Structure formats: C-alpha cells, structure tokens
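Student: coords_23.txt is the file, holding compact mmCIF, C-alpha atoms:
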```
# COMPACT_ATOMS: atom_id res chain seq x y z
CA MET A 1 23.70 4.31 -27.54
CA LEU A 2 21.92 1.06 -28.30
CA VAL A 3 22.76 -0.45 -31.70
CA THR A 4 20.46 -3.26 -32.83
CA GLY A 5 22.02 -5.63 -35.33
CA GLY A 6 25.45 -4.31 -34.39
CA ASP A 7 27.20 -7.62 -35.09
CA GLY A 8 26.25 -7.52 -38.78
CA TYR A 9 28.01 -6.03 -41.79
CA ILE A 10 26.84 -2.40 -41.68
CA GLY A 11 25.93 -2.38 -37.99
CA SER A 12 29.43 -3.39 -36.85
CA GLN A 13 30.98 -0.66 -39.01
CA CYS A 14 28.64 1.86 -37.40
CA VAL A 15 29.63 0.61 -33.94
CA LEU A 16 33.26 1.39 -34.80
CA ALA A 17 32.32 4.86 -36.05
CA LEU A 18 30.32 5.60 -32.91
CA LEU A 19 33.15 4.44 -30.66
CA GLU A 20 35.63 6.54 -32.60
CA SER A 21 33.26 9.50 -32.10
CA ASP A 22 33.35 9.09 -28.29
CA TYR A 23 29.97 7.38 -27.76
CA ARG A 24 29.20 4.62 -25.26
CA VAL A 25 27.76 1.69 -27.25
CA THR A 26 25.82 -1.44 -26.39
CA VAL A 27 24.86 -3.92 -29.13
CA LEU A 28 21.74 -6.10 -29.23
CA ASP A 29 21.93 -8.84 -31.89
CA ASN A 30 20.27 -12.23 -32.33
CA ARG A 31 23.30 -13.49 -34.33
CA GLY A 32 20.97 -14.66 -37.09
CA THR A 33 23.04 -12.91 -39.76
CA GLY A 34 25.54 -11.24 -37.43
CA HIS A 35 28.58 -13.09 -36.12
CA GLU A 36 29.77 -13.75 -32.59
CA GLU A 37 33.37 -13.19 -33.74
CA ILE A 38 32.65 -9.49 -34.41
CA PRO A 39 32.53 -8.30 -30.75
CA ALA A 40 35.96 -9.85 -30.09
CA SER A 41 37.36 -8.05 -33.14
CA ILE A 42 35.98 -4.74 -31.90
CA THR A 43 37.29 -5.11 -28.35
CA GLN A 44 40.84 -5.67 -29.61
CA ASP A 45 41.20 -1.96 -30.38
CA THR A 46 41.24 1.25 -28.32
CA TYR A 47 38.60 3.92 -28.93
CA ARG A 48 37.62 7.30 -27.61
CA GLY A 49 34.23 5.89 -26.66
CA ASP A 50 33.28 2.96 -24.45
CA TYR A 51 32.24 -0.40 -25.89
CA LEU A 52 29.89 -2.02 -23.38
CA GLY A 53 29.66 -5.26 -25.31
CA SER A 54 27.22 -7.26 -27.41
CA VAL A 55 24.12 -8.82 -25.86
CA GLU A 56 22.54 -11.76 -27.65
CA GLY A 57 18.81 -11.12 -27.91
CA ASP A 58 15.94 -11.01 -30.37
CA LEU A 59 13.61 -8.11 -31.15
CA LEU A 60 10.81 -10.64 -31.54
CA ASP A 61 11.09 -11.30 -27.79
CA PRO A 62 10.11 -8.13 -25.85
CA LYS A 63 11.78 -9.54 -22.74
CA ASP A 64 15.17 -9.44 -24.49
CA ILE A 65 14.71 -5.78 -25.35
CA ASP A 66 13.53 -4.86 -21.86
CA ALA A 67 16.48 -6.67 -20.31
CA VAL A 68 19.08 -4.64 -22.18
CA MET A 69 17.19 -1.37 -21.68
CA ASP A 70 16.79 -2.03 -17.97
CA ASP A 71 20.57 -2.32 -17.64
CA CYS A 72 21.36 1.06 -19.17
CA GLN A 73 19.58 4.34 -19.91
CA PHE A 74 20.02 4.96 -23.62
CA GLU A 75 19.67 8.37 -25.19
CA ALA A 76 18.92 6.99 -28.65
CA VAL A 77 18.80 3.84 -30.76
CA VAL A 78 20.51 3.07 -34.07
CA HIS A 79 18.43 0.30 -35.64
CA PHE A 80 19.98 -2.14 -38.14
CA ALA A 81 18.46 -5.46 -37.08
CA ALA A 82 16.57 -6.84 -40.10
CA LEU A 83 16.53 -9.47 -42.80
CA SER A 84 17.65 -7.96 -46.09
CA GLN A 85 17.72 -10.44 -49.00
CA VAL A 86 15.29 -9.49 -51.76
CA ALA A 87 15.00 -12.95 -53.34
CA GLU A 88 14.53 -14.60 -49.94
CA SER A 89 11.79 -12.09 -49.09
CA MET A 90 9.88 -13.13 -52.22
CA GLN A 91 10.08 -16.77 -51.15
CA TYR A 92 9.34 -16.23 -47.44
CA PRO A 93 7.40 -12.96 -47.09
CA GLY A 94 5.93 -13.85 -43.70
CA ILE A 95 9.38 -14.19 -42.15
CA TYR A 96 10.32 -10.74 -43.45
CA TYR A 97 7.20 -8.99 -42.25
CA ARG A 98 7.42 -10.68 -38.87
CA ASN A 99 11.12 -10.02 -38.35
CA ASN A 100 11.40 -6.53 -39.84
CA VAL A 101 8.02 -5.05 -38.94
CA VAL A 102 6.95 -6.84 -35.76
CA GLY A 103 10.50 -6.73 -34.41
CA THR A 104 10.64 -2.98 -34.95
CA LEU A 105 7.22 -2.51 -33.32
CA ASN A 106 8.52 -4.33 -30.24
CA LEU A 107 11.58 -2.08 -30.24
CA LEU A 108 9.55 1.12 -30.55
CA ASP A 109 7.21 0.06 -27.75
CA ALA A 110 10.18 -0.69 -25.50
CA MET A 111 11.65 2.71 -26.35
CA ARG A 112 8.39 4.36 -25.23
CA GLU A 113 8.44 2.46 -21.95
CA HIS A 114 12.05 3.52 -21.31
CA ASP A 115 11.61 7.16 -22.39
CA ILE A 116 13.80 6.93 -25.51
CA ASP A 117 12.46 9.17 -28.25
CA LYS A 118 15.19 9.20 -30.93
CA ILE A 119 16.05 6.54 -33.50
CA VAL A 120 18.24 6.30 -36.61
CA PHE A 121 16.73 3.68 -38.92
CA SER A 122 18.52 1.61 -41.53
CA SER A 123 16.13 1.84 -44.47
CA THR A 124 16.76 1.16 -48.15
CA ALA A 125 16.43 2.49 -51.69
CA ALA A 126 14.27 -0.61 -52.27
CA THR A 127 11.38 1.42 -50.82
CA TYR A 128 11.32 3.38 -54.11
CA GLY A 129 10.73 0.39 -56.38
CA GLU A 130 11.17 0.81 -60.13
CA PRO A 131 12.70 4.25 -60.77
CA GLU A 132 10.50 6.81 -62.45
CA TYR A 133 13.52 9.09 -62.88
CA THR A 134 17.19 9.15 -61.94
CA PRO A 135 19.09 10.27 -59.96
CA ILE A 136 16.56 9.37 -57.29
CA ASP A 137 15.84 11.99 -54.64
CA GLU A 138 13.80 11.67 -51.44
CA ARG A 139 10.67 12.99 -53.17
CA HIS A 140 10.61 10.02 -55.55
CA PRO A 141 7.38 7.97 -55.15
CA GLN A 142 7.76 4.93 -52.90
CA HIS A 143 6.30 1.84 -54.56
CA PRO A 144 8.44 -1.12 -53.45
CA ILE A 145 8.19 -4.25 -55.57
CA ASN A 146 9.25 -6.93 -53.06
CA PRO A 147 8.44 -7.84 -49.43
CA TYR A 148 11.84 -6.63 -48.23
CA GLY A 149 11.25 -3.13 -49.57
CA ARG A 150 7.63 -3.15 -48.38
CA SER A 151 8.68 -4.18 -44.86
CA LYS A 152 11.10 -1.25 -44.68
CA LEU A 153 8.49 1.18 -45.99
CA MET A 154 5.98 -0.11 -43.43
CA VAL A 155 8.48 0.67 -40.68
CA GLU A 156 8.95 4.20 -42.04
CA ARG A 157 5.17 4.70 -41.94
CA ILE A 158 4.94 3.27 -38.41
CA MET A 159 7.62 5.71 -37.29
CA ASP A 160 5.56 8.55 -38.76
CA ASP A 161 2.58 7.42 -36.68
CA TYR A 162 4.66 7.01 -33.52
CA GLY A 163 6.04 10.46 -34.12
CA ALA A 164 2.56 11.97 -34.35
CA ALA A 165 1.22 10.04 -31.36
CA TYR A 166 4.20 9.85 -29.00
CA GLY A 167 6.78 12.40 -30.15
CA LEU A 168 9.25 9.87 -31.58
CA ARG A 169 11.87 11.55 -33.78
CA SER A 170 13.50 9.41 -36.43
CA VAL A 171 15.97 9.63 -39.28
CA ARG A 172 15.53 7.08 -42.08
CA LEU A 173 18.67 6.46 -44.12
CA ARG A 174 17.90 4.94 -47.50
CA TYR A 175 20.97 3.09 -48.75
CA PHE A 176 21.86 2.35 -52.32
CA ASN A 177 24.51 -0.37 -52.99
CA VAL A 178 26.82 -0.74 -49.98
CA ALA A 179 30.38 -1.96 -50.61
CA GLY A 180 33.76 -2.30 -48.96
CA ALA A 181 35.03 -3.12 -45.48
CA ASP A 182 36.70 -1.40 -42.57
CA SER A 183 40.03 0.04 -43.70
CA GLY A 184 41.57 -1.33 -40.50
CA CYS A 185 40.35 -4.83 -41.47
CA ARG A 186 38.49 -5.23 -38.17
CA VAL A 187 35.02 -5.90 -39.64
CA GLY A 188 33.57 -6.46 -43.09
CA GLU A 189 30.94 -8.18 -45.23
CA TRP A 190 30.22 -11.73 -44.09
CA HIS A 191 27.06 -13.29 -45.50
CA GLU A 192 26.26 -16.96 -45.89
CA PRO A 193 25.31 -17.37 -48.66
CA GLU A 194 26.81 -14.24 -50.23
CA THR A 195 24.54 -12.58 -52.80
CA HIS A 196 26.29 -9.25 -53.44
CA LEU A 197 28.27 -8.67 -56.61
CA ILE A 198 31.62 -7.38 -55.34
CA PRO A 199 32.35 -9.96 -52.59
CA ASN A 200 31.29 -12.76 -54.92
CA ILE A 201 33.66 -11.52 -57.62
CA LEU A 202 36.48 -11.36 -55.08
CA LYS A 203 35.71 -14.83 -53.72
CA SER A 204 36.05 -16.25 -57.22
CA THR A 205 39.66 -15.08 -57.42
CA PHE A 206 40.49 -17.41 -54.52
CA GLU A 207 38.38 -20.42 -55.41
CA GLY A 208 39.01 -20.40 -59.17
CA GLY A 209 36.95 -21.89 -61.96
CA LYS A 210 33.84 -19.75 -61.51
CA ARG A 211 32.59 -17.82 -64.50
CA PHE A 212 30.38 -14.84 -63.79
CA GLN A 213 27.27 -14.07 -65.75
CA LEU A 214 26.65 -10.50 -66.86
CA PHE A 215 22.97 -9.99 -67.60
CA GLY A 216 22.56 -7.53 -70.45
CA ASP A 217 25.13 -5.47 -72.33
CA ASP A 218 22.68 -3.53 -74.51
CA TYR A 219 21.39 -0.93 -72.01
CA GLY A 220 21.54 2.74 -72.90
CA THR A 221 24.52 3.33 -70.59
CA ARG A 222 28.11 4.28 -71.31
CA ASP A 223 29.21 0.66 -71.90
CA GLY A 224 25.86 -1.08 -72.28
CA THR A 225 25.76 -2.60 -68.77
CA CYS A 226 23.65 -1.58 -65.77
CA VAL A 227 24.74 1.31 -63.59
CA ARG A 228 24.54 1.06 -59.80
CA ASP A 229 25.51 3.51 -57.06
CA TYR A 230 28.10 1.89 -54.76
CA VAL A 231 28.51 3.71 -51.45
CA ASN A 232 31.41 2.78 -49.19
CA VAL A 233 30.45 1.20 -45.86
CA GLU A 234 32.77 3.49 -43.86
CA ASP A 235 31.17 6.53 -45.49
CA LEU A 236 27.79 5.01 -44.67
CA ALA A 237 28.77 4.61 -41.01
CA ASP A 238 29.87 8.25 -40.91
CA ALA A 239 26.39 9.20 -42.13
CA HIS A 240 24.81 7.34 -39.20
CA VAL A 241 26.93 9.26 -36.71
CA LEU A 242 25.92 12.54 -38.36
CA ALA A 243 22.25 11.49 -38.35
CA LEU A 244 22.46 10.65 -34.66
CA GLU A 245 24.07 13.99 -33.87
CA TYR A 246 21.38 15.71 -35.93
CA LEU A 247 18.69 14.14 -33.71
CA LEU A 248 20.59 14.80 -30.48
CA ASN A 249 20.81 18.46 -31.50
CA GLY A 250 17.03 18.71 -31.90
CA GLY A 251 16.62 17.76 -35.57
CA LYS A 252 13.16 16.78 -36.77
CA THR A 253 12.09 13.50 -38.35
CA ASP A 254 13.47 13.22 -41.88
CA CYS A 255 14.78 10.83 -44.55
CA PHE A 256 18.01 10.87 -46.53
CA ASN A 257 19.39 8.97 -49.51
CA LEU A 258 22.91 7.64 -49.10
CA GLY A 259 24.82 7.16 -52.34
CA THR A 260 27.66 8.69 -54.32
CA GLY A 261 25.45 10.32 -56.95
CA GLU A 262 27.59 8.88 -59.74
CA GLY A 263 27.30 5.14 -60.18
CA SER A 264 29.48 2.49 -61.80
CA THR A 265 28.64 0.05 -64.58
CA VAL A 266 28.89 -3.69 -64.07
CA ARG A 267 31.84 -3.83 -66.47
CA GLU A 268 33.59 -1.08 -64.50
CA VAL A 269 33.15 -3.07 -61.29
CA PHE A 270 34.69 -6.16 -62.90
CA ALA A 271 37.57 -4.12 -64.32
CA MET A 272 38.30 -2.58 -60.94
CA CYS A 273 38.22 -5.99 -59.24
CA GLU A 274 40.75 -7.24 -61.79
CA LYS A 275 42.95 -4.20 -61.16
CA VAL A 276 42.88 -4.61 -57.38
CA THR A 277 43.42 -8.39 -57.37
CA GLY A 278 45.75 -8.55 -60.37
CA LYS A 279 43.73 -11.50 -61.68
CA GLU A 280 41.61 -12.02 -64.78
CA ILE A 281 37.97 -12.81 -63.95
CA PRO A 282 36.05 -14.92 -66.52
CA LEU A 283 32.78 -13.34 -67.61
CA ASP A 284 29.90 -14.58 -69.77
CA VAL A 285 27.32 -12.18 -71.23
CA ARG A 286 23.69 -13.28 -70.98
CA PRO A 287 20.41 -11.63 -72.04
CA ARG A 288 18.83 -9.04 -69.75
CA ARG A 289 16.88 -10.16 -66.71
CA PRO A 290 13.32 -8.89 -66.42
CA GLY A 291 12.97 -5.97 -63.99
CA ASP A 292 16.61 -4.84 -63.95
CA PRO A 293 16.58 -1.03 -64.36
CA ALA A 294 19.36 0.41 -66.51
CA THR A 295 20.40 2.95 -63.89
CA LEU A 296 19.93 3.29 -60.13
CA VAL A 297 21.77 6.33 -58.79
CA ALA A 298 21.09 8.42 -55.69
CA ASP A 299 20.60 12.14 -55.48
CA GLY A 300 22.45 12.79 -52.22
CA ALA A 301 22.11 16.56 -52.14
CA LYS A 302 19.81 16.55 -49.12
CA ALA A 303 22.22 14.55 -46.95
CA ARG A 304 25.02 16.90 -47.91
CA LYS A 305 22.95 19.99 -47.12
CA VAL A 306 21.24 18.89 -43.89
CA LEU A 307 23.65 16.38 -42.36
CA GLY A 308 26.87 17.71 -43.84
CA TRP A 309 27.65 14.23 -45.20
CA THR A 310 29.85 13.78 -48.25
CA PRO A 311 31.13 10.37 -49.37
CA LYS A 312 34.93 10.39 -49.45
CA ARG A 313 35.89 6.93 -50.66
CA THR A 314 36.01 5.59 -54.22
CA LEU A 315 34.91 2.32 -55.79
CA GLU A 316 38.56 1.28 -55.80
CA ASP A 317 38.77 2.00 -52.06
CA SER A 318 35.72 -0.19 -51.47
CA ILE A 319 37.07 -3.09 -53.53
CA ARG A 320 40.54 -2.85 -52.00
CA THR A 321 39.22 -3.00 -48.41
CA ALA A 322 36.76 -5.77 -49.30
CA TYR A 323 39.63 -7.79 -50.79
CA GLY A 324 41.75 -7.25 -47.68
CA TRP A 325 38.87 -8.39 -45.49
CA GLU A 326 38.32 -11.52 -47.59
CA MET A 327 42.01 -12.41 -47.31
CA LYS A 328 41.85 -11.93 -43.52
CA ARG A 329 38.77 -14.14 -43.20
CA ARG A 330 40.50 -16.90 -45.15
CA SER A 331 43.66 -16.69 -43.06
CA MET A 332 41.54 -16.98 -39.90
CA ARG A 333 39.82 -20.05 -41.30
CA ASP A 334 43.00 -21.85 -42.43
```
Let's see the structure in the file written out as structure tokens.
Tutor:
Amino acid sequence: MLVTGGDGYIGSQCVLALLESDYRVTVLDNRGTGHEEIPASITQDTYRGDYLGSVEGDLLDPKDIDAVMDDCQFEAVVHFAALSQVAESMQYPGIYYRNNVVGTLNLLDAMREHDIDKIVFSSTAATYGEPEYTPIDERHPQHPINPYGRSKLMVERIMDDYGAAYGLRSVRLRYFNVAGADSGCRVGEWHEPETHLIPNILKSTFEGGKRFQLFGDDYGTRDGTCVRDYVNVEDLADAHVLALEYLLNGGKTDCFNLGTGEGSTVREVFAMCEKVTGKEIPLDVRPRRPGDPATLVADGAKARKVLGWTPKRTLEDSIRTAYGWEMKRRSMRD
C-alpha cells in the first residue's frame, strides 16, 4: 500500500495499523508537516507486515509520484497528504487549493497511469460547515465555510467524477476532532505551531505560566461550554484499515463520519487533563467567539454498520497517551 503523508500525525498512526494488519507499506511525504524522525521510530519495532520505508517527495511534482509508483505495484492508496489548518487556509487560500486539490489531482492521474483504482481519502467534518442539526450524519448538507473545508470537498467531488469516468473507487473518511497518540508511544501529534486544544493544554503543564482562554460558558449545553466529538487517533487508524479492506473486497465508493457520537465539553476536557497530569490548569472565561457552534457531534452509525468500526478508546485514553507522547518528545529534546 502507498500512504501519502505517512510521516504526519494521523498518517503515521495509520502506517502502524496497516503494518500490524500484515500489509506492505511505502510512505510518500514531503516532510512539510511530517517529520523525518517518524520513519526511524516505526522501523524500531517488529510488525506482521513489511515497512518498505518513507520516500521524500511532493504530490505537486508528478515526477516524484511516478518515481515511487514505478518502484512498486500498489494495490491501493491511503491519502493523508494535505494542509489542514483552518485559520491558515483563510489567510493563504491559494496555498491550500494548490496543495490539497492540485496535489490530489496529480496523485489520481498517476494512479490511472499505474492501474491503481482504489483510494481511502482523509476528508473532514469541515466539509459540512455550520451544522443544521446534530448529531451530524453523512446526509447532512455540505457547505464548508473556509478554504480548508472547501478544498477537501472539491477533492470528494473530483473523486466522484474520476469514479464515473475511470472506475476509481474511493472511501472518504470525514473526521471530527482527533486526539491522542500511539499507546506504544512510537508516534503522536507533532505540529509547529500547535493549534489543537488538548496538546496545547498538556504543553502548558510543562512550561508553566500560561492561562487558557475559554470562549463562552453560556451555551445551551450541560455545563455551558461547547461540545466537541473527540475521536482517538488509534481508533481512527483502525477505521482506515477497515475502509481499505472494504474496498479490496469490492466495496463501492462511499463516505463515513468518524466520531464517538457523544462529545465532551471544553470544561470536561480541562478537567480530564488535570486528572491525567495531576496539575491545576489556569483558565480564564471570555465571551463567545463568532461562528463557534454549541455542539459538533458525529452520527457514526453508518461506519458501524458498513465498516464494522466502533471506537473503543475514551477521552481519558486519548489524553493519557497524548501526555505520554509529549513527555517522550521532551526527553528526546533534552
């Protein structure tokens, strides 16, 4: 299997899951947001599958894609390579459309040339935009409100057209909030700068002095703060393996939401971080931010029914593994 973006946060976790499921895996990554240390971490373990290594290359350069595909006949592609910061996409939309859309077009064209007709695509709940109802199922209208979400929706539409014209079969996995790290502490979240809530909370327990701002405590939720659906990254990787097997067994093009179906409030996330770390985390309450929905929760019934996927890990599991990963990163740096 070819995994694009396999040196990044979610991609590297999926590489581990594929190897543990007895697949042969090659990674293609431009190391823009992935890390060259990840391949070494993966090769230190023993797996049922065969890790063929990580090739540095860019989807914006068709020659890089052809080079890796010429070296090995791949049965399918698992596609993570993308830029994924919402705020950055608002500031630099051209970079996002070029990287996420044009890069994927280059990948799909190379797949055609090399007779690869199956792809698992890392999409996002950001394709839905502002929720019209919750929990959000796959029939929810898709009206993304930022270039990141629009770029992912464009790719979904392109895959529809390539399916109609060329027989491409694809599974689009729409993530909600991804959290946690590998329970074996081999890979984990590693963004510079870090924008996600949980790793930033955990970082503050090491650095000290940082007070977090909670935007809005007057929502119509159980404690007045926003509810988000945090899905564990190992559970997410398991879903990619199941989606791949679904395609290999003749499954048709489809889309699936990946979330727990429950959701946690911001205050609950802070409380769990304090429990796991044993440290008090300073918090200031601020007024609501415009555009923050009260609740974003997935309806994951379709993934359970069709793929047989059920998330197994809790919010505490995610925070505990993320904390272990952050401690490991700091010990490596010191």
Student: From the set A:Ile65, A:Leu2, A:Ala82, A:Val233, which residue has the shortest atom-to-atom contact distance to Asp182 (chain A), counting all atoms listed in the file?
Tutor: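 The shortest atom-to-atom distance to Asp182 (chain A) comes from A:Val233.
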Student: Write out as a PyMOL selection string each polymer residue whose atoms come within 12 Å of Leu168 (chain A), counting all atoms listed in the file; drop sequence neighbours fewer than 6 positions from it.
Tutor: chain A and resi 76-77+108-109+111-112+115-120+156+158-162+247+250-254
Student: Output C-alpha atoms for every residue in that selection, as a PDB file, keeping the file's coordinate frame.
Tutor:
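Final output, out_20.pdb:
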```pdb
ATOM      1  CA  ALA A  76      18.920   6.990 -28.650  1.00  0.00           C
ATOM      2  CA  VAL A  77      18.800   3.840 -30.760  1.00  0.00           C
ATOM      3  CA  LEU A 108       9.550   1.120 -30.550  1.00  0.00           C
ATOM      4  CA  ASP A 109       7.210   0.060 -27.750  1.00  0.00           C
ATOM      5  CA  MET A 111      11.650   2.710 -26.350  1.00  0.00           C
ATOM      6  CA  ARG A 112       8.390   4.360 -25.230  1.00  0.00           C
ATOM      7  CA  ASP A 115      11.610   7.160 -22.390  1.00  0.00           C
ATOM      8  CA  ILE A 116      13.800   6.930 -25.510  1.00  0.00           C
ATOM      9  CA  ASP A 117      12.460   9.170 -28.250  1.00  0.00           C
ATOM     10  CA  LYS A 118      15.190   9.200 -30.930  1.00  0.00           C
ATOM     11  CA  ILE A 119      16.050   6.540 -33.500  1.00  0.00           C
ATOM     12  CA  VAL A 120      18.240   6.300 -36.610  1.00  0.00           C
ATOM     13  CA  GLU A 156       8.950   4.200 -42.040  1.00  0.00           C
ATOM     14  CA  ILE A 158       4.940   3.270 -38.410  1.00  0.00           C
ATOM     15  CA  MET A 159       7.620   5.710 -37.290  1.00  0.00           C
ATOM     16  CA  ASP A 160       5.560   8.550 -38.760  1.00  0.00           C
ATOM     17  CA  ASP A 161       2.580   7.420 -36.680  1.00  0.00           C
ATOM     18  CA  TYR A 162       4.660   7.010 -33.520  1.00  0.00           C
ATOM     19  CA  LEU A 247      18.690  14.140 -33.710  1.00  0.00           C
ATOM     20  CA  GLY A 250      17.030  18.710 -31.900  1.00  0.00           C
ATOM     21  CA  GLY A 251      16.620  17.760 -35.570  1.00  0.00           C
ATOM     22  CA  LYS A 252      13.160  16.780 -36.770  1.00  0.00           C
ATOM     23  CA  THR A 253      12.090  13.500 -38.350  1.00  0.00           C
ATOM     24  CA  ASP A 254      13.470  13.220 -41.880  1.00  0.00           C
TER      25      ASP A 254
END
```
Student: From the list A:Asp292, A:Glu234, A:Glu138, A:Asp7, which residue is nearest Ala125 (chain A) when using all atoms listed in the file?
Tutor: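 Smallest separation from Ala125 (chain A) among the options: A:Glu138.
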Student: Might you pull out every residue within 12 Å of Ala181 (chain A), with all atoms listed in the file counted and same-chain residues fewer than 3 positions away left off, and present them as a ChimeraX atom specification?
Tutor: /A:8-14,16,178,184-190,198-199,231-237,313,315-329
Student: If we count only C-alpha atoms, what is near region 56-58 of chain A at a cut-off of 9 Å, once residues fewer than 6 positions away on the same chain are taken out, given as a ChimeraX atom specification?
Tutor: /A:27-31,36,64-65,68,103
Student: Pick from A:Glu245, A:Ile281, A:Leu52, A:Pro287: nearest to Thr225 (chain A), with all atoms listed in the file counted?
Tutor: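 That would be A:Pro287, the residue with the smallest distance to Thr225 (chain A).
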Student: Between A:Thr127, A:Ser264, A:Ser170, A:Asn249, which residue has the minimum interatomic distance to Arg222 (chain A), considering only C-alpha atoms?
Tutor: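 Closest candidate: A:Ser264.
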Student: Find the residues near Glu280 (chain A): any atom within 12 Å, counting all atoms listed in the file, skip ones fewer than 2 places away on the same chain, and give them as a PyMOL selection string.
Tutor: chain A and resi 201-202+204-206+208-212+270-278+282-283
Student: Quick check, in Å to one decimal: how far apart do CA of Arg172 (chain A) and CA of Glu132 (chain A) lie?
Tutor: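 Here the two named atoms are 21.0 Å from each other.
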